[in-house]
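A.B. asks: Got a structure here, written out as structure tokens. Questions coming.
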Amino acid sequence: MNKIVANVRAAGVVGAGGAGFPTHVKLNSKVDTVVANGAECEPLLRADRYLMTRHAHQVVKGLRLVMQATGAPRGIIALKREYGEALEALGAVVRDCSDIRLHLMKSYYPAGDEFLLVYDATGRQVPEGGIPLEVSVVVQNVGTLYNVAQAQKDVPVTHRWLTVSGEVREPKVLCVPIGTSFEQVISWAGGYASPQEELALVAGGPMMGLVVSPTDVVTKTTSGLLGLPQQGPVVSWMTRPLALAVRRGRSTCDQCRDCTDLCPRYLLGHELQPHEIMRSINYGLDWPTSIITAAVLCCECRLCEAYACPLGLSPMLYYREVKRQLAEMGWKNEVHRRKEYAAHVMREYRHVPVRRLVDRLGLTKYVRMAVPSDEREYVPGVVHIPLKQHIGSPSQPVVKAGDKIRVGDLIAAIPEEALGANLHASLAGVVRQITEGYVVIERE
Ligand code: SF4
Ligand code: SF4
């Protein structure tokens with residue numbers, strides 16, 4: 001293992017923009033291109049833009065380190081054309097670099113999806129159901145690159161930059177210790193701006209995020225925390241029970257195909273047609289099965305339900321449930337693996353502009369609010385650090401109750417021979433408790 005990869009592994013770096021895949025594993029591959037994902041396509045989120053603007057040097061340094069580790073002669077930073085300040089800051093850093101270029105994207109949703117991003121930035125099509133490595137590309141979120149650069153200075157991942165927005169008094173981008181409760185983070189943003197009982201908390205963005213409890217905590221992959229109206233479209237979609245969605249789908253889907261015609265994966269050329277799964281499930285047809293198993297190609301961007309369907313139906317929920325059942329059955333995807341396919345001729349014209357999506361989601365008022373960055377150091381009284389914040393096995397505690405620790409000390413390690421990530425203390429204090437899922441640290 002080369003030194004860059006070893007440092008990234010030791011520092012517990014995981015994919016900051018997605019499900020938390022351990023970064024050192026990705027860095028152990030050989031590719032010809034590294035793409036930095038700065039698209040930040042979820043409405044309301046701003047933390048990646050902040051990092052690209054204020055820490056452009058660190059982001060580019062992280063990109064260079066990943067290029068070095070993977071042997072890639074080329075680096076591309078993909079971000080939206082409208083990210084003026086970030087564009088300026090990154091442009092100044094890479095001005096004299098012959099091996100790194102900026103790729104400017106239109107503001108469409110979901111521009112940050114890996115398949116779309118790789119196609120837009122390099123012209124290469126990742127095989128259906130595959131990963132960018134198969135076309136000699138590694139994609140890293142800009143937040144991950146920032147952490148990669150920190151890892152080379154022996155600074156582990158202990159904090160997370162995230163956006164707090166929606167119905168809060170002081171929307172902002174701030175840096176918080178991992179394991180901090182969401183209710184504590186909301187209080188650092190001035191508290192709720194509307195009665196709490198009328199709101200739901202969403203972790204992540206309004207499209208792909210999840211409704212969470214105030215006692216849940218910030219992890220390495222928490223990109224945002226939003227206070228949104230319970231009765232608004234975002235929360236209603238996120239909490240709609242599957243049975244209700246199927247009942248409505250059965251009685252109202254008129255097979256207009258709008259969900260298919262705007263599905264970003266279909267437009268990229270994947271064999272995924274959401275109107276077909278509606279038909280199959282609504283009418284109890286389970287043939288041909290490839291219509292059902294195409295669920296594995298759905299990236300759960302929610303565009304079909306939140307924007308495309310005139311009736312607000314949700315092919316995505318159908319696909320999600322099918323994926324769950326296929327995983328339970330141990331089904332392996334050997335069907336949807338096409339390597340050669342072409343993007344739809346209308347793709348360019350069918351992108352969904354973020355501006356229009358925001359309007360449809362009822363979020364225009366929040367998008368217009370100023371979201372300044374807050375450089376203060378926030379220190380909670382207690383953190384509950386989850387042992388599993390990444391893809392792979394949970395980390396194994398290496399501390400015990402009563403131990404005194406400092407910020408950055410290793411508290412849980414990757415189990416031997418397993419895929420995983422190290423965890424470090426985000427708060428100086430005493431280990432109060434180790435449960436099956438958490439290490440609890442109290443400030444002294
Ligand atoms: S857009 Fe809605 S109504 Fe039209 S086919 Fe898709 S799910 Fe059915
Ligand atoms: S969520 Fe809907 S629009 Fe998005 S990829 Fe899946 S089927 Fe297509």
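Going by the structure tokens order, chains are called A, B, ..., each with residues numbered from 1, while ligands are numbered from 1 in the order shown.
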Mind listing the residues within 12 Å of ligand 1, only C-alpha atoms and all ligand atoms counted, as a ChimeraX atom specification?

C.D. replies: /A:245-246,248-263,273-282,302-319

A.B. asks: Would you return as JSON, numbers by chain the members of range 126-318 of chain A that DSSP assigns to strand (DSSP E) on this structure's backbone?

C.D. replies: {"A": [137, 138, 139, 140, 141, 159, 160, 161, 162, 163, 164, 165, 166, 172, 173, 174, 175, 176, 177, 199, 200, 201, 202, 203, 210, 211, 212, 224, 225, 226, 227, 228, 229]}

A.B. asks: Pick from A:Asp32, A:Glu321, A:Glu183, A:Glu436: nearest to Ser213 in chain A, with only C-alpha atoms counted?

C.D. replies: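 Smallest distance to Ser213 in chain A is found for A:Glu183.
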